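Chemist: I have a structure I would like to understand better, so I am pasting it below and will then ask my questions one at a time.
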Amino acid sequence: MSWIDIPDGSPFGADNLPLGVFRHGDQEPRIGAAIGDQIIDLAPVASAELADVFAQPTLNAFLALGRPVWSETRAWLLDLVNDRDAVEPHLIPQSAVTMLLPIEVGDYVDFYASEQHATNLGRLFRPDAEPLLPNWKHLPVGYHGRAGTVVASGTDIVRPSGQLKAPDAAAPTYGPSQRLDIEVELGYVVGTPSALGKPVSVEDFHEHVYGVVVVNDWSARDIQGWEYVPLGPFLGKSFATSISPWVVSLDALESATVDLPAQDPPVLPYLAGKNLVNYDITFEVRINGHLVSTPPYRDIYWSPAQMLAHMTVNGASIRTGDLYASGTVSGTEQDQLGSLIELTKAGREPITVDGKDYTFLQDGDEVTITAHAGPIGLGEVTGRITPAVS
Ligand SMILES: O=C(O)/C=C/C(=O)CC(=O)CC(=O)O
Ligand SMILES: [Ca+2]
Ligand SMILES: [Mg+2]
């Protein structure tokens with residue numbers, strides 16, 4: 001495949017072919033595959049059955065078709081890119097389109113699967129207790145987030161206001177968050193639904209999950225710190241979660257699979273399995289264009305198959321378009337931390353961004369997170385902070 005010009009270092013080589021939803025001029029949004037810095041408009045080149053699916057404004061109809069169709073479609077696409085006569089008339093430069101939210105999000109679950117992150121946050125939020133709570137190595141801890149505020153990359157993030165209370169203050173005040181943060185995460189996109197009352201086993205991960213996106217789970221640490229006991233994160237995290245526009249298939253990520261770290265103590269049987277994988281993905285976090293961190297995904301404690309099994313073990317069903325995210329990804333090094341609260345030790349030790357001391361997000365700041373698994377890129381998720389609405 002040499003006829004399409006794929007720029008060096010492009011996240012979207014000819015073996016990736018992620019799917020996304022684009023709007024071109026005043027045409028209706030529809031589905032395309034990324035290649036280099038172009039998009040293949042899929043509806044006009046697809047078979048009659050798939051043409052309708054690719055003319056949709058979200059990936060949900062395609063995702064609902066299930067693993068056999070996903071695999072056939074990938075094989076077809078890998079082949080299609082060699083067919084210059086078929087493809088060339090339907091290439092659109094990415095610079096000419098607006099990328100939209102790729103899925104209509106069903107439910108959104110946010111896990112807490114990075115041992116390093118959970119340990120760091122435990123120390124910061126609960127300095128007098130053991131950082132990892134007793135349940136942490138027995139189950140992938142998570143909570144249900146707000147699906148309706150999962151937004152497309154590029155959406156402005158309005159600084160949230162809410163109740164704030166410093167630990168030593170007598171009473172809360174109301175106002176704009178002063179500790180607005182990012183969370184670098186990997187998001188898993190559910191395709192095939194499950195039936196209510198029937199848990200999904202770890203072995204069925206590939207049957208249900210289509211692919212991944214990059215997630216920035218914006219978090220207001222001051223709102224969170226006051227509200228979260230005992231029911232967990234609420235308004236401190238529900239105001240916006242940004243996701244990248246291109247959904248990279250698990251098939252494309254196959255070459256990046258790695259074994260899970262050893263799990264000790266052993267997990268209960270419903271979380272155990274032979275083929276529990278992780279992915280060797282590295283993120284890059286930039287604030288106003290300056291690299292601040294490179295969190296590594298590969299050492300995440302819990303496999304996405306275990307997250308899915310745990311999320312459904314009580315019989316809760318999953319639906320097409322559900323999104324579940326890994327939780328903040330942090331490595332062991334200072335330059336591998338996936339949130340500002342960790343990077344700055346809760347604001348006590350500023351980092352340097354563009355030569356200046358930096359703690360939490362300021363109005364006007366733009367955060368861009370990219371990710372790649374070797375040559376397979378996930379693209380980027382970006383968002384800019386706008387002032388609180390009074
Ligand atoms: O330990 C806590 O109380 C707080 C944890 C988080 O804020 C993390 C969270 O929302 C899940 C994650 O992204 O890792
Ligand atoms: Ca999160
Ligand atoms: Mg959120």
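Chains: A, B, ... in order of the structure tokens. Residues: from 1 per chain. Ligands: from 1, in order shown.
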For Leu124 in chain A, work out the shell of residues within 12 Å, counting only C-alpha atoms and skipping chain neighbours fewer than 5 positions away, then give it as a PyMOL selection string.

Modeler: chain A and resi 117-119+129-132+221+225+340-348

Chemist: If you count only C-alpha atoms and all ligand atoms, which residues end up within 9 Å of ligand 3, as JSON, numbers by chain?

Modeler: {"A": [110, 145, 146, 147, 149, 150, 183, 216, 217, 218, 219, 234, 235, 236, 237, 238, 239, 240, 241, 242]}

Chemist: Print the selection's residues with C-alpha atoms to a file, as a short mmCIF file (atom, residue, chain, number, x, y, z; two decimals), in the first residue's frame.

Modeler:
```
data_model
loop_
_atom_site.label_atom_id
_atom_site.label_comp_id
_atom_site.auth_asym_id
_atom_site.auth_seq_id
_atom_site.Cartn_x
_atom_site.Cartn_y
_atom_site.Cartn_z
CA ASP A 110 -14.76 4.75 35.81
CA GLY A 145 -19.99 8.07 36.06
CA ARG A 146 -22.21 10.38 34.06
CA ALA A 147 -22.64 9.17 30.48
CA THR A 149 -21.38 14.47 29.94
CA VAL A 150 -18.93 12.37 27.96
CA GLU A 183 -7.11 12.17 34.62
CA ASN A 216 -9.46 12.70 29.97
CA ASP A 217 -11.70 12.41 33.01
CA TRP A 218 -11.64 16.04 34.20
CA SER A 219 -11.81 16.23 37.99
CA PHE A 234 -20.08 12.72 42.35
CA LEU A 235 -20.07 16.34 41.12
CA GLY A 236 -16.28 16.57 41.26
CA LYS A 237 -16.15 14.30 38.23
CA SER A 238 -19.53 14.47 36.51
CA PHE A 239 -19.18 17.82 34.72
CA ALA A 240 -17.21 16.51 31.71
CA THR A 241 -15.21 13.55 30.46
CA SER A 242 -13.51 14.01 27.08
#
```

Chemist: List as a PyMOL selection string the protein and nucleic acid residues lying within 8 Å of ligand 1, with only C-alpha atoms and all ligand atoms counted.

Modeler: chain A and resi 110-114+117-118+121-122+125-126+142-143+183-185+217+219+221+224-225+228+232-233+237+325-329

Chemist: Could you save those same residues with N, CA and C atoms as a JSON list (two decimals), in the first residue's frame?

Modeler:
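Listing of part30.json after writing:
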```
[["chain", "number", "residue", "atom", "x", "y", "z"],
["A", 110, "ASP", "N", -16.14, 4.29, 35.62],
["A", 110, "ASP", "CA", -14.76, 4.75, 35.81],
["A", 110, "ASP", "C", -14.11, 3.84, 36.84],
["A", 111, "PHE", "N", -13.09, 3.11, 36.43],
["A", 111, "PHE", "CA", -12.38, 2.23, 37.37],
["A", 111, "PHE", "C", -11.24, 2.99, 38.05],
["A", 112, "TYR", "N", -10.40, 2.23, 38.71],
["A", 112, "TYR", "CA", -9.35, 2.79, 39.58],
["A", 112, "TYR", "C", -8.22, 1.76, 39.58],
["A", 113, "ALA", "N", -7.83, 1.34, 38.36],
["A", 113, "ALA", "CA", -7.10, 0.08, 38.18],
["A", 113, "ALA", "C", -5.58, 0.20, 38.24],
["A", 114, "SER", "N", -5.07, 1.43, 38.36],
["A", 114, "SER", "CA", -3.61, 1.60, 38.44],
["A", 114, "SER", "C", -3.19, 1.60, 39.90],
["A", 117, "HIS", "N", -1.42, 4.80, 40.91],
["A", 117, "HIS", "CA", -2.34, 5.94, 41.10],
["A", 117, "HIS", "C", -3.15, 5.78, 42.39],
["A", 118, "ALA", "N", -3.69, 4.58, 42.61],
["A", 118, "ALA", "CA", -4.53, 4.36, 43.79],
["A", 118, "ALA", "C", -3.71, 4.59, 45.07],
["A", 121, "LEU", "N", -3.12, 8.44, 45.38],
["A", 121, "LEU", "CA", -4.31, 9.20, 45.81],
["A", 121, "LEU", "C", -4.72, 8.83, 47.23],
["A", 122, "GLY", "N", -4.53, 7.57, 47.59],
["A", 122, "GLY", "CA", -4.81, 7.17, 48.96],
["A", 122, "GLY", "C", -4.00, 8.03, 49.93],
["A", 125, "PHE", "N", -5.47, 11.73, 49.76],
["A", 125, "PHE", "CA", -6.83, 11.94, 50.29],
["A", 125, "PHE", "C", -6.98, 11.41, 51.72],
["A", 126, "ARG", "N", -6.21, 10.37, 52.07],
["A", 126, "ARG", "CA", -6.37, 9.73, 53.38],
["A", 126, "ARG", "C", -5.00, 9.52, 54.02],
["A", 142, "GLY", "N", -14.48, 0.65, 41.25],
["A", 142, "GLY", "CA", -14.98, 1.59, 40.25],
["A", 142, "GLY", "C", -16.22, 2.30, 40.76],
["A", 143, "TYR", "N", -16.75, 3.21, 39.96],
["A", 143, "TYR", "CA", -18.02, 3.86, 40.28],
["A", 143, "TYR", "C", -18.69, 4.19, 38.95],
["A", 183, "GLU", "N", -7.40, 13.57, 34.33],
["A", 183, "GLU", "CA", -7.11, 12.17, 34.62],
["A", 183, "GLU", "C", -6.87, 11.47, 33.29],
["A", 184, "VAL", "N", -5.69, 10.92, 33.14],
["A", 184, "VAL", "CA", -5.29, 10.24, 31.90],
["A", 184, "VAL", "C", -5.77, 8.79, 31.98],
["A", 185, "GLU", "N", -6.64, 8.39, 31.06],
["A", 185, "GLU", "CA", -7.22, 7.05, 31.16],
["A", 185, "GLU", "C", -7.37, 6.41, 29.77],
["A", 217, "ASP", "N", -10.59, 12.34, 32.06],
["A", 217, "ASP", "CA", -11.70, 12.41, 33.01],
["A", 217, "ASP", "C", -11.46, 13.60, 33.94],
["A", 219, "SER", "N", -11.44, 16.42, 36.58],
["A", 219, "SER", "CA", -11.81, 16.23, 37.99],
["A", 219, "SER", "C", -11.55, 17.50, 38.78],
["A", 221, "ARG", "N", -10.76, 18.60, 42.24],
["A", 221, "ARG", "CA", -10.29, 17.93, 43.46],
["A", 221, "ARG", "C", -10.86, 18.53, 44.73],
["A", 224, "GLN", "N", -14.43, 17.27, 44.95],
["A", 224, "GLN", "CA", -14.34, 15.84, 45.24],
["A", 224, "GLN", "C", -13.98, 15.56, 46.70],
["A", 225, "GLY", "N", -12.99, 16.30, 47.20],
["A", 225, "GLY", "CA", -12.47, 16.02, 48.54],
["A", 225, "GLY", "C", -13.51, 16.22, 49.64],
["A", 228, "TYR", "N", -16.97, 13.35, 48.70],
["A", 228, "TYR", "CA", -16.90, 11.95, 48.26],
["A", 228, "TYR", "C", -17.17, 10.90, 49.34],
["A", 232, "GLY", "N", -18.55, 8.12, 47.33],
["A", 232, "GLY", "CA", -17.63, 8.16, 46.20],
["A", 232, "GLY", "C", -17.79, 9.41, 45.36],
["A", 233, "PRO", "N", -17.03, 9.51, 44.25],
["A", 233, "PRO", "CA", -17.03, 10.71, 43.41],
["A", 233, "PRO", "C", -18.44, 11.02, 42.88],
["A", 237, "LYS", "N", -16.57, 14.97, 39.45],
["A", 237, "LYS", "CA", -16.15, 14.30, 38.23],
["A", 237, "LYS", "C", -17.23, 14.21, 37.16],
["A", 325, "ALA", "N", -13.77, 3.05, 31.69],
["A", 325, "ALA", "CA", -12.41, 3.58, 31.63],
["A", 325, "ALA", "C", -11.57, 2.97, 32.74],
["A", 326, "SER", "N", -10.28, 2.90, 32.45],
["A", 326, "SER", "CA", -9.33, 2.22, 33.35],
["A", 326, "SER", "C", -9.18, 2.89, 34.71],
["A", 327, "GLY", "N", -9.49, 4.18, 34.76],
["A", 327, "GLY", "CA", -9.02, 4.99, 35.88],
["A", 327, "GLY", "C", -7.67, 5.56, 35.51],
["A", 328, "THR", "N", -7.28, 6.56, 36.27],
["A", 328, "THR", "CA", -6.05, 7.29, 35.99],
["A", 328, "THR", "C", -4.85, 6.36, 35.91],
["A", 329, "VAL", "N", -4.06, 6.57, 34.89],
["A", 329, "VAL", "CA", -2.88, 5.73, 34.65],
["A", 329, "VAL", "C", -1.65, 6.48, 35.16]]
```

Chemist: What's the 10 Å shell around Ser317 in chain A, counting only C-alpha atoms, without same-chain residues fewer than 6 positions away, as a list of chain:residue names?

Modeler: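 Final neighbour list, sorted by chain and number: A:Pro193, A:Ser194, A:Ala195, A:Leu196, A:Gly197, A:Lys198, A:Pro199, A:Val200, A:Met311.
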
Chemist: For those residues, write C-alpha atoms to a file as a compact mmCIF listing (two decimals), in the first residue's frame.

Modeler:
```txt
# COMPACT_ATOMS: atom_id res chain seq x y z
CA PRO A 193 -24.77 -6.12 24.73
CA SER A 194 -25.37 -8.72 27.44
CA ALA A 195 -28.60 -9.98 28.98
CA LEU A 196 -29.83 -8.72 32.35
CA GLY A 197 -29.10 -11.29 35.03
CA LYS A 198 -26.26 -12.96 33.11
CA PRO A 199 -22.69 -12.05 34.05
CA VAL A 200 -20.09 -11.64 31.28
CA MET A 311 -18.96 -4.86 36.36
```

Chemist: With distances taken over only C-alpha atoms, which of A:Asp280, A:Asp181, A:Asp41, A:Asp335 is nearest to Leu361 in chain A?

Modeler: A:Asp181

Chemist: May I have all residues of range 16-204 of chain A that DSSP, computed from the backbone, assigns to strand (DSSP E), given as a VMD selection string?

Modeler: chain A and resid 19 to 24 30 to 35 38 to 41 91 to 93 97 to 99 108 to 111 142 to 144 150 to 152 157 to 158 161 to 164 173 to 176 180 to 181 184 to 190

Chemist: Using only C-alpha atoms, which residues sit within 9 Å of Leu323 in chain A once same-chain residues fewer than 2 positions away are excluded, as a list of chain:residue names?

Modeler: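 Everything that qualifies: A:Val105, A:Gly106, A:Asp107, A:Tyr108, A:Val109, A:Asp110, A:Ala147, A:Gly187, A:Tyr188, A:Val189, A:Val190, A:Thr320, A:Gly321, A:Ala325.
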
Chemist: Find the residues around Pro261 in chain A up to 9 Å (only C-alpha atoms counted), leave out those fewer than 5 positions away in its own chain, and share them as number ranges by chain.

Modeler: A: 278, 298-302

Chemist: Do you have the CA of Ala33 in chain A-CA of Gly211 in chain A distance handy?

Modeler: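 So the two atoms, CA of Ala33 in chain A and CA of Gly211 in chain A, lie 13.7 Å apart.
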
Chemist: Taking only C-alpha atoms and all ligand atoms into account, name the residue in A:Ile182, A:Val292, A:Glu227, A:Gln94 that is nearest to ligand 2.

Modeler: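 Going through A:Ile182, A:Val292, A:Glu227, A:Gln94 one by one, the smallest distance to ligand 2 is for A:Ile182.
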
Chemist: Suppose you want the space between CA of Pro350 in chain A and CA of Pro387 in chain A; what is it in Å?

Modeler: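 Rounded to one decimal, the two atoms are 21.9 Å apart.
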
Chemist: Give the answer as one residue: which of A:Thr312, A:Ser71, A:Ser10, A:Ser339 has the shortest atom-to-atom distance to ligand 2, using only C-alpha atoms and all ligand atoms?

Modeler: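 Nearest candidate to ligand 2 out of A:Thr312, A:Ser71, A:Ser10, A:Ser339: A:Ser339.
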
Chemist: For Tyr279 in chain A, work out the shell of residues within 6 Å, counting only C-alpha atoms and skipping chain neighbours fewer than 6 positions away, then give it as a PyMOL selection string.

Modeler: chain A and resi 256-258+298

Chemist: What's around Thr332 in chain A at 10 Å? Count only C-alpha atoms, leave out sequence neighbours fewer than 6 positions away in its own chain, and write the answer as a PDB file with N, CA and C atoms, in the first residue's frame.

Modeler:
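Output saved as result_24.pdb:
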```
ATOM      1  N   GLU A 115      -2.382   0.615  40.258  1.00  0.00           N
ATOM      2  CA  GLU A 115      -1.943   0.492  41.661  1.00  0.00           C
ATOM      3  C   GLU A 115      -1.165   1.736  42.092  1.00  0.00           C
ATOM      4  N   GLN A 116      -0.347   2.233  41.178  1.00  0.00           N
ATOM      5  CA  GLN A 116       0.458   3.402  41.500  1.00  0.00           C
ATOM      6  C   GLN A 116      -0.435   4.615  41.786  1.00  0.00           C
ATOM      7  N   HIS A 117      -1.423   4.804  40.913  1.00  0.00           N
ATOM      8  CA  HIS A 117      -2.339   5.935  41.101  1.00  0.00           C
ATOM      9  C   HIS A 117      -3.152   5.782  42.389  1.00  0.00           C
ATOM     10  N   ASN A 120      -1.003   6.544  45.312  1.00  0.00           N
ATOM     11  CA  ASN A 120      -0.721   7.978  45.423  1.00  0.00           C
ATOM     12  C   ASN A 120      -1.935   8.746  45.947  1.00  0.00           C
ATOM     13  N   PRO A 295       2.497   8.788  31.027  1.00  0.00           N
ATOM     14  CA  PRO A 295       2.053   7.620  31.791  1.00  0.00           C
ATOM     15  C   PRO A 295       2.039   6.331  30.952  1.00  0.00           C
ATOM     16  N   PRO A 296       2.556   5.233  31.529  1.00  0.00           N
ATOM     17  CA  PRO A 296       2.553   3.944  30.840  1.00  0.00           C
ATOM     18  C   PRO A 296       1.375   3.071  31.261  1.00  0.00           C
ATOM     19  N   ASP A 299       1.552  -1.580  33.004  1.00  0.00           N
ATOM     20  CA  ASP A 299       1.591  -2.190  34.337  1.00  0.00           C
ATOM     21  C   ASP A 299       0.299  -2.044  35.124  1.00  0.00           C
TER      22      ASP A 299
END
```

Chemist: Determine which residues of range 215-371 of chain A receive a DSSP assignment of alpha helix (DSSP H), computed from the backbone, and state them as a count of residues only.

Modeler: 24

Chemist: When you count only C-alpha atoms, which of these residues is closest to Ala371 in chain A: A:Arg159, A:His206, A:Lys274, A:Arg286?

Modeler: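 When distances to Ala371 in chain A are compared using only C-alpha atoms, the smallest one comes from A:Arg286.
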